[in-house]
$ cat model-v6.cif   # mmCIF, C-alpha atoms
data_upload
#
loop_
_atom_site.label_atom_id
_atom_site.label_comp_id
_atom_site.auth_asym_id
_atom_site.auth_seq_id
_atom_site.Cartn_x
_atom_site.Cartn_y
_atom_site.Cartn_z
CA MET Q 1 -27.63 48.42 19.96
CA LYS Q 2 -24.28 49.44 21.46
CA LYS Q 3 -23.09 45.84 21.81
CA PHE Q 4 -23.46 45.30 18.06
CA LYS Q 5 -21.15 48.21 17.18
CA PRO Q 6 -17.85 46.40 18.05
CA ILE Q 7 -18.96 43.37 16.04
CA SER Q 8 -19.88 45.50 13.04
CA LEU Q 9 -16.58 47.38 13.25
CA THR Q 10 -14.62 44.10 13.38
CA LEU Q 11 -16.40 42.76 10.30
CA VAL Q 12 -15.69 45.95 8.35
CA VAL Q 13 -11.98 45.80 9.26
CA LEU Q 14 -11.73 42.13 8.25
CA MET Q 15 -13.36 42.84 4.91
CA ILE Q 16 -10.93 45.66 4.22
CA VAL Q 17 -7.85 43.66 5.29
CA SER Q 18 -8.83 40.60 3.23
CA GLY Q 19 -8.79 42.70 0.09
CA CYS Q 20 -5.42 44.32 0.74
CA GLY Q 21 -3.18 41.40 -0.19
CA LYS Q 22 -1.74 40.79 -3.61
CA ALA Q 23 -3.90 38.53 -5.77
CA VAL Q 24 -2.59 34.98 -6.26
CA TYR Q 25 -3.42 33.51 -9.66
CA ILE Q 26 -3.68 29.72 -9.88
CA GLU Q 27 -1.96 29.64 -13.28
CA ASN Q 28 1.13 31.13 -11.62
CA GLN Q 29 1.29 28.35 -9.02
CA GLN Q 30 3.01 25.00 -9.51
CA PHE Q 31 1.27 22.54 -7.16
CA VAL Q 32 3.48 19.49 -6.67
CA LEU Q 33 1.07 16.53 -6.74
CA THR Q 34 3.59 13.71 -7.23
CA GLU Q 35 7.16 13.44 -5.98
CA ALA Q 36 9.47 10.61 -6.96
CA ILE Q 37 13.00 9.42 -6.25
CA ASP Q 38 15.17 6.86 -8.02
CA PHE Q 39 18.77 6.03 -8.89
CA ASP Q 40 19.95 6.65 -12.45
CA GLU Q 41 22.35 4.45 -14.44
CA ASN Q 42 25.25 5.90 -12.42
CA ASN Q 43 23.51 5.25 -9.08
CA LYS Q 44 22.96 8.98 -8.54
CA LEU Q 45 19.77 10.27 -6.95
CA VAL Q 46 17.19 11.67 -9.37
CA VAL Q 47 14.16 13.57 -8.08
CA TYR Q 48 11.03 14.02 -10.20
CA THR Q 49 7.96 16.20 -9.67
CA SER Q 50 4.61 16.34 -11.43
CA THR Q 51 2.65 19.59 -11.40
CA PRO Q 52 -0.71 20.37 -13.09
CA VAL Q 53 -0.79 23.03 -15.79
CA PHE Q 54 -3.69 25.50 -15.64
CA THR Q 55 -2.70 27.80 -18.51
CA LYS Q 56 -5.32 27.60 -21.27
CA GLU Q 57 -2.73 27.94 -24.03
CA ALA Q 58 -0.76 24.89 -22.84
CA LYS Q 59 -1.18 21.61 -24.74
CA ASP Q 60 -0.21 19.38 -21.81
CA ARG Q 61 -2.25 19.12 -18.62
CA TYR Q 62 0.76 18.52 -16.39
CA LYS Q 63 4.50 19.12 -16.36
CA ILE Q 64 7.25 16.68 -15.35
CA THR Q 65 10.45 18.19 -13.98
CA PHE Q 66 13.53 16.38 -12.71
CA ALA Q 67 16.84 17.18 -11.06
CA ARG Q 68 19.93 15.24 -10.05
CA SER Q 69 20.99 16.03 -6.52
CA ASN Q 70 22.25 14.50 -3.28
CA THR Q 71 19.00 15.25 -1.40
CA MET Q 72 15.35 16.01 -2.12
CA ARG Q 73 15.64 19.36 -0.37
CA LYS Q 74 18.56 20.43 -2.54
CA SER Q 75 16.73 19.31 -5.68
CA LYS Q 76 13.91 21.79 -4.98
CA GLY Q 77 16.15 24.70 -5.91
CA GLN Q 78 17.09 23.09 -9.22
CA ILE Q 79 13.47 22.22 -10.01
CA ASN Q 80 12.41 25.77 -9.11
CA SER Q 81 14.84 27.10 -11.71
CA LYS Q 82 13.09 25.03 -14.40
CA THR Q 83 9.52 26.12 -13.67
CA SER Q 84 7.73 29.32 -14.62
CA GLY Q 85 5.59 29.50 -11.48
CA ILE Q 86 6.12 29.24 -7.75
CA LEU Q 87 6.41 25.64 -6.52
CA ALA Q 88 3.75 24.92 -3.92
CA TYR Q 89 4.34 21.82 -1.81
CA GLY Q 90 1.83 20.39 0.66
CA LYS Q 91 -0.67 18.96 -1.85
CA SER Q 92 1.25 15.83 -2.80
CA GLN Q 93 -0.90 12.78 -3.57
CA ASN Q 94 1.83 10.25 -4.38
CA VAL Q 95 5.44 9.53 -3.45
CA LEU Q 96 7.13 7.12 -5.87
CA ILE Q 97 10.30 5.18 -5.02
CA GLY Q 98 12.30 3.29 -7.64
CA LYS Q 99 13.02 -0.37 -6.94
CA LYS Q 100 16.67 0.14 -7.93
CA LEU Q 101 17.07 2.62 -5.07
CA LEU Q 102 15.38 0.22 -2.63
CA GLN Q 103 17.69 -2.61 -3.61
CA GLN Q 104 20.69 -0.52 -2.56
CA ARG Q 105 19.57 1.99 0.05
CA ASN Q 106 17.01 2.75 2.72
CA PRO Q 107 14.76 5.45 1.20
CA TYR Q 108 13.75 6.83 4.59
CA PRO Q 109 16.65 9.33 4.94
CA TYR Q 110 15.91 10.72 1.48
CA LEU Q 111 12.29 11.32 2.53
CA ASP Q 112 13.33 13.17 5.68
CA VAL Q 113 12.37 16.55 4.23
CA LEU Q 114 8.80 15.31 3.67
CA PHE Q 115 8.41 14.32 7.32
CA ARG Q 116 10.22 17.35 8.74
CA ASP Q 117 8.41 20.13 6.86
CA SER Q 118 4.93 20.63 8.34
CA ARG Q 119 3.65 21.98 5.01
CA ASN Q 120 4.06 18.59 3.35
CA GLU Q 121 1.15 16.19 2.93
CA ILE Q 122 1.74 13.07 5.05
CA ASN Q 123 -1.30 11.26 3.63
CA ALA Q 124 0.30 10.86 0.21
CA ASN Q 125 0.46 7.26 -1.03
CA VAL Q 126 3.92 5.65 -1.00
CA ILE Q 127 4.42 3.47 -4.08
CA VAL Q 128 7.32 1.32 -5.28
CA VAL Q 129 8.02 1.30 -9.01
CA GLU Q 130 9.03 -1.96 -10.67
CA GLY Q 131 11.32 -0.66 -13.40
CA THR Q 132 12.39 2.98 -13.54
CA VAL Q 133 10.53 5.96 -12.14
CA LYS Q 134 11.37 7.79 -15.36
CA ASP Q 135 9.26 5.35 -17.39
CA VAL Q 136 6.29 5.93 -15.07
CA MET Q 137 6.57 9.71 -15.03
CA TYR Q 138 6.77 9.90 -18.82
CA THR Q 139 4.01 7.38 -19.54
CA ASN Q 140 1.63 8.80 -22.15
CA MET Q 141 -1.46 9.99 -20.26
CA SER Q 142 -3.06 11.96 -23.10
CA ASP Q 143 -6.25 9.86 -22.96
CA LYS Q 144 -6.34 9.35 -19.19
CA GLY Q 145 -5.82 12.64 -17.37
CA ARG Q 146 -3.19 14.12 -15.10
CA ILE Q 147 -0.69 11.50 -14.01
CA ALA Q 148 -0.95 12.34 -10.29
CA THR Q 149 -4.71 11.77 -10.31
CA VAL Q 150 -4.41 8.60 -12.41
CA ILE Q 151 -1.90 7.08 -9.96
CA LYS Q 152 -3.91 8.11 -6.90
CA ASP Q 153 -7.16 6.68 -8.29
CA LEU Q 154 -5.39 3.49 -9.40
CA VAL Q 155 -3.94 2.85 -5.94
CA GLU Q 156 -7.23 3.56 -4.19
CA SER Q 157 -9.33 1.37 -6.51
CA THR Q 158 -6.96 -1.61 -6.36
CA TYR Q 159 -6.73 -1.31 -2.58
CA LYS Q 160 -10.53 -1.35 -2.34
CA SER Q 161 -10.35 -4.60 -4.31
CA ARG Q 162 -7.76 -5.80 -1.75
CA VAL Q 163 -5.22 -6.90 -4.38
CA THR Q 164 -2.58 -4.61 -2.89
CA VAL Q 165 -1.99 -2.53 0.22
CA GLN Q 166 -2.32 1.23 0.59
CA THR Q 167 0.37 2.88 2.69
CA SER Q 168 0.46 6.61 3.37
CA LEU Q 169 3.64 8.54 4.10
CA GLN Q 170 2.62 8.70 7.77
CA GLN Q 171 1.99 4.93 7.89
CA PHE Q 172 5.34 4.27 6.21
CA HIS Q 173 7.00 6.34 8.94
CA GLN Q 174 5.29 4.18 11.57
CA GLN Q 175 6.20 0.92 9.81
CA ILE Q 176 9.86 1.92 9.73
CA LYS Q 177 10.00 3.13 13.33
CA ASP Q 178 7.75 0.56 15.07
CA LYS Q 179 9.76 -2.52 16.06
CA GLY Q 180 6.66 -4.73 15.87
CA MET Q 181 6.21 -4.55 12.09
CA THR Q 182 8.00 -4.17 8.76
CA PRO Q 183 6.92 -2.01 5.78
CA ALA Q 184 4.54 -3.14 3.03
CA LEU Q 185 4.06 -0.82 0.04
CA THR Q 186 2.04 -0.78 -3.18
CA GLU Q 187 3.96 -2.02 -6.23
CA MET Q 188 3.36 -0.45 -9.64
CA LYS Q 189 4.93 -0.93 -13.05
CA PRO Q 190 4.55 0.68 -16.50
CA MET Q 191 3.31 -1.58 -19.32
CA LYS Q 192 2.80 -0.25 -22.87
CA ASN Q 193 1.58 3.21 -21.91
CA GLU Q 194 -0.42 1.76 -19.05
CA LEU Q 195 0.28 1.89 -15.32
CA VAL Q 196 -0.45 -1.40 -13.57
CA ILE Q 197 -0.61 -2.22 -9.86
CA SER Q 198 1.28 -5.53 -9.80
CA GLY Q 199 1.00 -6.33 -6.09
CA THR Q 200 2.86 -5.46 -2.90
CA VAL Q 201 6.51 -4.88 -2.00
CA LEU Q 202 7.84 -6.02 1.38
CA LEU Q 203 10.84 -4.23 2.86
CA HIS Q 204 13.41 -5.26 5.42
CA LYS Q 205 13.41 -3.39 8.72
CA ASP Q 206 16.27 -1.25 7.38
CA GLY Q 207 14.01 -0.10 4.54
CA THR Q 208 15.68 -2.04 1.73
CA TYR Q 209 13.86 -4.30 -0.74
CA ALA Q 210 13.13 -7.85 0.44
CA THR Q 211 10.54 -9.45 -1.86
CA SER Q 212 7.31 -8.88 -3.79
CA LEU Q 213 3.81 -10.33 -3.47
CA ASN Q 214 1.42 -10.99 -6.35
CA HIS Q 215 -2.29 -10.11 -6.21
CA GLN Q 216 -3.33 -13.35 -4.50
CA GLU Q 217 -0.60 -13.04 -1.85
CA SER Q 218 -1.51 -9.38 -1.36
CA SER Q 219 -5.13 -10.35 -0.73
CA LEU Q 220 -3.98 -12.92 1.84
CA LEU Q 221 -1.79 -10.27 3.49
CA ASN Q 222 -4.80 -7.98 3.87
CA LEU Q 223 -6.74 -10.91 5.35
CA LEU Q 224 -4.02 -11.75 7.89
CA GLN Q 225 -3.74 -8.07 8.84
CA GLY Q 226 -7.45 -8.15 9.71
CA ASN Q 227 -8.08 -5.71 6.90
CA ALA Q 228 -11.31 -7.21 5.58
CA LYS Q 229 -13.73 -4.27 5.64
CA ASN Q 230 -14.06 -4.72 1.89
CA ILE Q 231 -14.43 -8.13 0.27
CA ILE Q 232 -11.21 -10.08 -0.31
CA PRO Q 233 -11.09 -11.96 -3.65
CA LEU Q 234 -9.25 -15.28 -3.88
CA THR Q 235 -8.98 -18.06 -6.45
CA PHE Q 236 -7.95 -21.62 -5.61
CA GLN Q 237 -6.97 -24.70 -7.58
CA ILE Q 238 -8.75 -27.60 -5.90
CA PRO Q 239 -7.15 -31.07 -6.22
CA PRO Q 240 -9.14 -32.61 -9.12
CA GLU Q 241 -9.54 -35.99 -7.45
CA ILE Q 242 -11.72 -34.51 -4.68
CA PHE Q 243 -14.63 -33.80 -7.01
CA HIS Q 244 -13.60 -36.17 -9.84
CA THR Q 245 -12.88 -33.46 -12.38
CA ASN Q 246 -10.05 -32.31 -14.66
CA LYS Q 247 -7.14 -30.25 -13.36
CA GLU Q 248 -7.75 -27.51 -15.95
CA ILE Q 249 -11.22 -26.75 -14.60
CA SER Q 250 -10.79 -27.67 -10.93
CA ILE Q 251 -10.91 -24.00 -9.93
CA VAL Q 252 -13.09 -22.00 -7.55
CA SER Q 253 -13.13 -18.26 -6.87
CA ILE Q 254 -14.50 -16.74 -3.69
CA ASN Q 255 -15.06 -13.40 -1.99
CA ILE Q 256 -14.33 -13.33 1.72
CA LYS Q 257 -17.02 -11.07 3.15
CA LYS Q 258 -16.05 -11.41 6.76
CA GLY Q 259 -12.91 -12.82 8.31
CA LYS Q 260 -10.90 -11.50 11.21
CA PRO Q 261 -7.94 -13.50 12.53
CA LYS Q 262 -7.78 -14.23 16.26
CA ILE Q 263 -4.15 -14.32 17.32
CA LYS Q 264 -2.79 -16.06 20.39
CA ALA Q 265 0.91 -16.06 21.23
CA LYS Q 266 2.74 -18.06 23.86
CA PHE Q 267 6.33 -18.51 24.96
CA GLU Q 268 7.74 -21.85 26.06
CA GLY Q 269 11.19 -21.00 27.29
CA ASN Q 270 12.65 -18.92 24.48
CA HIS Q 271 10.46 -20.43 21.76
CA LEU Q 272 7.51 -18.45 20.45
CA THR Q 273 4.36 -20.07 19.08
CA ILE Q 274 1.65 -18.04 17.35
CA ASP Q 275 -1.76 -19.64 16.77
CA ILE Q 276 -4.17 -17.95 14.35
CA GLU Q 277 -7.83 -18.93 14.17
CA MET Q 278 -10.10 -17.36 11.59
CA LYS Q 279 -13.74 -17.76 10.61
CA ALA Q 280 -14.20 -16.77 6.99
CA GLN Q 281 -17.67 -16.13 5.61
CA ILE Q 282 -17.49 -16.42 1.83
CA ASP Q 283 -19.51 -16.01 -1.34
CA LEU Q 284 -18.82 -18.46 -4.15
CA THR Q 285 -18.21 -16.30 -7.23
CA GLU Q 286 -16.90 -18.87 -9.72
CA ARG Q 287 -16.82 -22.66 -10.09
CA LEU Q 288 -15.60 -24.20 -13.32
CA PHE Q 289 -16.46 -27.83 -12.56
CA PRO Q 290 -19.94 -29.39 -12.15
CA LEU Q 291 -21.04 -29.94 -8.56
CA ASP Q 292 -24.24 -30.28 -6.57
CA VAL Q 293 -23.34 -27.65 -3.98
CA ASP Q 294 -26.39 -28.35 -1.82
CA GLU Q 295 -25.26 -31.94 -1.44
CA LYS Q 296 -21.50 -31.32 -1.35
CA LYS Q 297 -21.43 -27.97 0.46
CA LYS Q 298 -19.54 -29.23 3.52
CA GLN Q 299 -17.00 -31.03 1.35
CA LEU Q 300 -16.46 -27.89 -0.73
CA GLU Q 301 -16.00 -25.78 2.41
CA GLN Q 302 -13.36 -28.20 3.66
CA ALA Q 303 -11.55 -28.20 0.32
CA ILE Q 304 -11.42 -24.39 0.32
CA GLU Q 305 -10.28 -24.40 3.96
CA ILE Q 306 -7.33 -26.63 3.08
CA GLU Q 307 -6.23 -24.40 0.19
CA LEU Q 308 -6.70 -21.23 2.24
CA GLN Q 309 -4.65 -22.71 5.08
CA LYS Q 310 -1.87 -23.83 2.70
CA GLU Q 311 -1.58 -20.47 0.96
CA CYS Q 312 -1.67 -18.45 4.21
CA ALA Q 313 1.00 -20.73 5.69
CA ALA Q 314 3.13 -20.35 2.55
CA LEU Q 315 2.87 -16.55 2.75
CA ILE Q 316 3.88 -16.56 6.41
CA LYS Q 317 6.83 -18.86 5.60
CA LYS Q 318 7.86 -16.48 2.82
CA ALA Q 319 7.89 -13.57 5.28
CA GLN Q 320 9.79 -15.64 7.86
CA LYS Q 321 12.43 -16.50 5.24
CA TYR Q 322 13.28 -12.80 4.93
CA GLN Q 323 12.72 -12.07 8.66
CA LEU Q 324 9.75 -9.82 7.89
CA ASP Q 325 6.54 -9.03 9.76
CA PRO Q 326 4.12 -7.22 7.43
CA PHE Q 327 1.28 -8.91 9.38
CA GLN Q 328 2.18 -6.88 12.49
CA PHE Q 329 2.26 -9.94 14.76
CA GLY Q 330 4.85 -8.08 16.82
CA VAL Q 331 2.25 -5.51 17.88
CA HIS Q 332 0.15 -8.33 19.37
CA VAL Q 333 3.13 -9.95 21.13
CA ARG Q 334 4.15 -6.60 22.60
CA ALA Q 335 0.63 -5.95 23.89
CA PHE Q 336 0.12 -9.33 25.59
CA HIS Q 337 3.66 -10.53 26.42
CA TYR Q 338 5.55 -7.35 27.19
CA LYS Q 339 8.28 -8.89 29.36
CA ASP Q 340 9.11 -11.50 26.74
CA TRP Q 341 8.82 -8.87 24.02
CA LYS Q 342 11.48 -6.67 25.62
CA LYS Q 343 13.96 -9.53 25.27
CA ILE Q 344 13.47 -9.83 21.51
CA GLU Q 345 12.24 -6.43 20.32
CA ASP Q 346 15.59 -5.40 18.86
CA ASN Q 347 15.73 -8.61 16.82
CA TRP Q 348 12.05 -9.25 16.21
CA GLY Q 349 12.46 -10.34 12.60
CA LYS Q 350 14.84 -13.13 13.62
CA ALA Q 351 12.58 -14.15 16.52
CA LEU Q 352 9.57 -14.42 14.20
CA SER Q 353 11.54 -16.40 11.63
CA ASP Q 354 12.36 -18.96 14.35
CA ALA Q 355 8.79 -19.03 15.70
CA THR Q 356 6.14 -21.66 15.03
CA VAL Q 357 3.10 -20.09 13.36
CA ASN Q 358 -0.07 -22.16 13.01
CA ILE Q 359 -3.13 -21.01 11.11
CA SER Q 360 -6.55 -22.69 11.26
CA PRO Q 361 -9.24 -21.16 9.03
CA LYS Q 362 -12.91 -22.15 9.19
CA VAL Q 363 -14.78 -21.50 5.94
CA ILE Q 364 -18.54 -20.95 5.82
CA ILE Q 365 -20.24 -20.58 2.42
CA LYS Q 366 -22.93 -17.90 2.72
CA SER Q 367 -23.90 -17.62 -0.93
CA ILE Q 368 -23.42 -19.69 -4.10
CA GLY Q 369 -24.81 -17.04 -6.44
CA VAL Q 370 -28.19 -16.33 -8.01
CA LEU Q 371 -28.36 -19.17 -10.55
CA GLU Q 372 -27.30 -22.79 -10.23
#

$ encode --input "model-v6.cif" --output "structure tokens"
Amino acid sequence: MKKFKPISLTLVVLMIVSGCGKAVYIENQQFVLTEAIDFDENNKLVVYTSTPVFTKEAKDRYKITFARSNTMRKSKGQINSKTSGILAYGKSQNVLIGKKLLQQRNPYPYLDVLFRDSRNEINANVIVVEGTVKDVMYTNMSDKGRIATVIKDLVESTYKSRVTVQTSLQQFHQQIKDKGMTPALTEMKPMKNELVISGTVLLHKDGTYATSLNHQESSLLNLLQGNAKNIIPLTFQIPPEIFHTNKEISIVSINIKKGKPKIKAKFEGNHLTIDIEMKAQIDLTERLFPLDVDEKKKQLEQAIEIELQKECAALIKKAQKYQLDPFQFGVHVRAFHYKDWKKIEDNWGKALSDATVNISPKVIIKSIGVLE
């Protein structure tokens, strides 16, 4: 019985201490769920925050606050002066960056406070805004919910469909710092009181804007990254003469169920060659032209292979043009050819742009649907 006395005493003390603090009411807290940065018309930094409103009397479910400042850290004081509650960071779900800022500056230094303060949430999604951040933050969400939740759900659902990427703050940090890759971020734009995920933004190694990818290119990027845990949707225009049909209806859509690229790199002197082989198991989800698939299955597989190869090669060429590596080929080269990698690591983008990259997909149709 004696050995239970210290335990009982400890529990009593803990219960007393836990009730001694001052009560914290949720309606008096301002939880920052979205943070955003952009340049205004005078190329000055503008910082926005979105915080949910819990007061029953309030008409709006969230509050947008902004401040013009030289840094995000300095803006916090100005934003604090405009809010009735205590700003609580560390719950952020989204970090938005205006495209105008990216076209002129590397956003990474501005985000330094988010990486440096341990209270901040490093799993927040990093999103590039096509247009102005202001238009996104003030989009009418009266019939949709709190803007932070809407953006978070939108990014997650479109990423599951593999028509964009999903990059957390921590992953963005790695993509900037790791010499074997360049950043790829979700792209979003406002359209008539709607927020739309338009594809993917690719950045230079210095963090500035390079180019954008549409949904199809974004799906191919996910495929080449080996990111095919979910199905990858693709649509191809097949040359009409192959199946004797019209150009307008010579279209097939597929879902890639399984497809992981096998990468082999080799150096011949100073020239790098990367060979990519990939077996893609697909479901046929749409075919606009008449075809006896049982009879022409092999021919259809070959036609899809050709289009898949062409579009993957075009995407790689596009990245090489801007000296980018969103595919993270550099990580593979570093792992298997370290001595050669050390010679080119500081100029990897240029080395990849000069490299020969070959891709050879093998398509296998697993399903043509329920009805034929």

$ resolve_selection --input "model-v6.cif" --expression "the PyMOL selection byres ((chain Q and resi 53-61) around 7)" --output "PyMOL selection string"
chain Q and resi 27+51-52+62-63+146

$ write_last_selection --input "model-v6.cif" --atoms "C-alpha atoms" --output "PDB file, keeping the file's coordinate frame"
ATOM      1  CA  GLU Q  27      -1.960  29.640 -13.280  1.00  0.00           C
ATOM      2  CA  THR Q  51       2.650  19.590 -11.400  1.00  0.00           C
ATOM      3  CA  PRO Q  52      -0.710  20.370 -13.090  1.00  0.00           C
ATOM      4  CA  TYR Q  62       0.760  18.520 -16.390  1.00  0.00           C
ATOM      5  CA  LYS Q  63       4.500  19.120 -16.360  1.00  0.00           C
ATOM      6  CA  ARG Q 146      -3.190  14.120 -15.100  1.00  0.00           C
TER       7      ARG Q 146
END

$ axis_aligned_box --input "model-v6.cif" --around "range 269-288 of chain Q" --padding-each-side "6 Å" --output "lines of an AutoDock Vina configuration file"
center_x = -3.4
center_y = -20.1
center_z = 7.0
size_x = 44.2
size_y = 20.2
size_z = 52.6

$ closest_residue --input "model-v6.cif" --among "Q:Asn140, Q:Thr71, Q:Gln323, Q:Asn358" --to "Tyr110 in chain Q" --atoms "only C-alpha atoms"
Q:Thr71

$ residues_near_point --input "model-v6.cif" --point "(-7.2, -23.2, 7.0)" --cutoff "6 Å" --atoms "only C-alpha atoms" --output "PyMOL selection string"
chain Q and resi 305-306+308-309+360-361

$ resolve_selection --input "model-v6.cif" --expression "the PyMOL selection byres ((chain Q and resi 260) around 8)" --output "CSV table (one decimal) with C-alpha atoms, keeping the file's coordinate frame"
chain,number,residue,atom,x,y,z
Q,223,LEU,CA,-6.7,-10.9,5.4
Q,224,LEU,CA,-4.0,-11.8,7.9
Q,226,GLY,CA,-7.4,-8.2,9.7
Q,227,ASN,CA,-8.1,-5.7,6.9
Q,228,ALA,CA,-11.3,-7.2,5.6
Q,258,LYS,CA,-16.0,-11.4,6.8
Q,259,GLY,CA,-12.9,-12.8,8.3
Q,261,PRO,CA,-7.9,-13.5,12.5
Q,262,LYS,CA,-7.8,-14.2,16.3
Q,278,MET,CA,-10.1,-17.4,11.6
Q,279,LYS,CA,-13.7,-17.8,10.6
Q,280,ALA,CA,-14.2,-16.8,7.0

$ closest_residue --input "model-v6.cif" --among "Q:His337, Q:Lys189, Q:Lys44, Q:Lys257" --to "Ser367 in chain Q" --atoms "all atoms listed in the file"
Q:Lys257

$ resolve_selection --input "model-v6.cif" --expression "the PyMOL selection byres ((chain Q and resi 103) around 6)" --output "PyMOL selection string"
chain Q and resi 100-102+104+208-209

$ closest_residue --input "model-v6.cif" --among "Q:Gly77, Q:Pro183, Q:Gly199, Q:Gly90" --to "Pro107 in chain Q" --atoms "all atoms listed in the file"
Q:Pro183

$ residues_around --input "model-v6.cif" --residues "Lys134 in chain Q" --least-positions-apart "2" --cutoff "12 Å" --atoms "all atoms listed in the file" --output "tab-separated table (two decimals) with C-alpha atoms, in the coordinates of the input"
chain	number	residue	atom	x	y	z
Q	35	GLU	CA	7.16	13.44	-5.98
Q	36	ALA	CA	9.47	10.61	-6.96
Q	37	ILE	CA	13.00	9.42	-6.25
Q	38	ASP	CA	15.17	6.86	-8.02
Q	39	PHE	CA	18.77	6.03	-8.89
Q	40	ASP	CA	19.95	6.65	-12.45
Q	41	GLU	CA	22.35	4.45	-14.44
Q	46	VAL	CA	17.19	11.67	-9.37
Q	47	VAL	CA	14.16	13.57	-8.08
Q	48	TYR	CA	11.03	14.02	-10.20
Q	49	THR	CA	7.96	16.20	-9.67
Q	50	SER	CA	4.61	16.34	-11.43
Q	64	ILE	CA	7.25	16.68	-15.35
Q	65	THR	CA	10.45	18.19	-13.98
Q	66	PHE	CA	13.53	16.38	-12.71
Q	67	ALA	CA	16.84	17.18	-11.06
Q	96	LEU	CA	7.13	7.12	-5.87
Q	97	ILE	CA	10.30	5.18	-5.02
Q	98	GLY	CA	12.30	3.29	-7.64
Q	99	LYS	CA	13.02	-0.37	-6.94
Q	100	LYS	CA	16.67	0.14	-7.93
Q	129	VAL	CA	8.02	1.30	-9.01
Q	130	GLU	CA	9.03	-1.96	-10.67
Q	131	GLY	CA	11.32	-0.66	-13.40
Q	132	THR	CA	12.39	2.98	-13.54
Q	136	VAL	CA	6.29	5.93	-15.07
Q	137	MET	CA	6.57	9.71	-15.03
Q	138	TYR	CA	6.77	9.90	-18.82
Q	139	THR	CA	4.01	7.38	-19.54
Q	140	ASN	CA	1.63	8.80	-22.15
Q	189	LYS	CA	4.93	-0.93	-13.05
Q	190	PRO	CA	4.55	0.68	-16.50

$ closest_residue --input "model-v6.cif" --among "Q:Thr149, Q:Leu195, Q:Ile122, Q:Phe172" --to "Asp135 in chain Q" --atoms "all atoms listed in the file"
Q:Leu195

$ residues_around --input "model-v6.cif" --residues "His215 in chain Q" --least-positions-apart "6" --cutoff "9 Å" --atoms "all atoms listed in the file" --output "list of chain:residue names"
Q:Arg162, Q:Val163, Q:Thr164, Q:Ile197, Q:Ser198, Q:Gly199, Q:Thr200, Q:Leu234

$ atom_distance --input "model-v6.cif" --atom1 "CA of Lys229 in chain Q" --atom2 "CA of Thr285 in chain Q"
18.2 Å

$ atom_distance --input "model-v6.cif" --atom1 "CA of Phe236 in chain Q" --atom2 "CA of Val252 in chain Q"
5.5 Å

$ atom_distance --input "model-v6.cif" --atom1 "CA of Tyr89 in chain Q" --atom2 "CA of Leu114 in chain Q"
9.6 Å

$ closest_residue --input "model-v6.cif" --among "Q:Lys264, Q:Lys82, Q:His173, Q:Lys152" --to "Phe329 in chain Q" --atoms "only C-alpha atoms"
Q:Lys264

$ decode --input "model-v6.cif" --residues "range 120-146 of chain Q" --atoms "C-alpha atoms" --output "CSV table (one decimal), in the first residue's frame"
chain,number,residue,atom,x,y,z
Q,120,ASN,CA,6.2,26.9,-37.5
Q,121,GLU,CA,4.6,24.1,-39.5
Q,122,ILE,CA,7.0,22.7,-42.1
Q,123,ASN,CA,4.4,20.4,-43.6
Q,124,ALA,CA,2.4,23.3,-45.1
Q,125,ASN,CA,1.9,23.1,-48.8
Q,126,VAL,CA,3.9,25.6,-50.9
Q,127,ILE,CA,1.8,27.0,-53.8
Q,128,VAL,CA,2.6,29.4,-56.6
Q,129,VAL,CA,-0.2,31.8,-57.6
Q,130,GLU,CA,-0.7,32.7,-61.3
Q,131,GLY,CA,-1.9,36.2,-61.0
Q,132,THR,CA,-1.9,38.1,-57.7
Q,133,VAL,CA,-2.0,36.6,-54.2
Q,134,LYS,CA,-4.5,39.4,-53.4
Q,135,ASP,CA,-7.0,38.0,-55.8
Q,136,VAL,CA,-6.7,34.6,-54.3
Q,137,MET,CA,-6.9,35.7,-50.7
Q,138,TYR,CA,-10.0,37.8,-51.4
Q,139,THR,CA,-11.8,35.2,-53.5
Q,140,ASN,CA,-15.4,34.9,-52.4
Q,141,MET,CA,-15.6,31.7,-50.3
Q,142,SER,CA,-19.1,32.3,-48.8
Q,143,ASP,CA,-20.4,29.0,-50.3
Q,144,LYS,CA,-17.2,26.9,-49.9
Q,145,GLY,CA,-15.8,27.3,-46.4
Q,146,ARG,CA,-12.7,28.8,-44.9
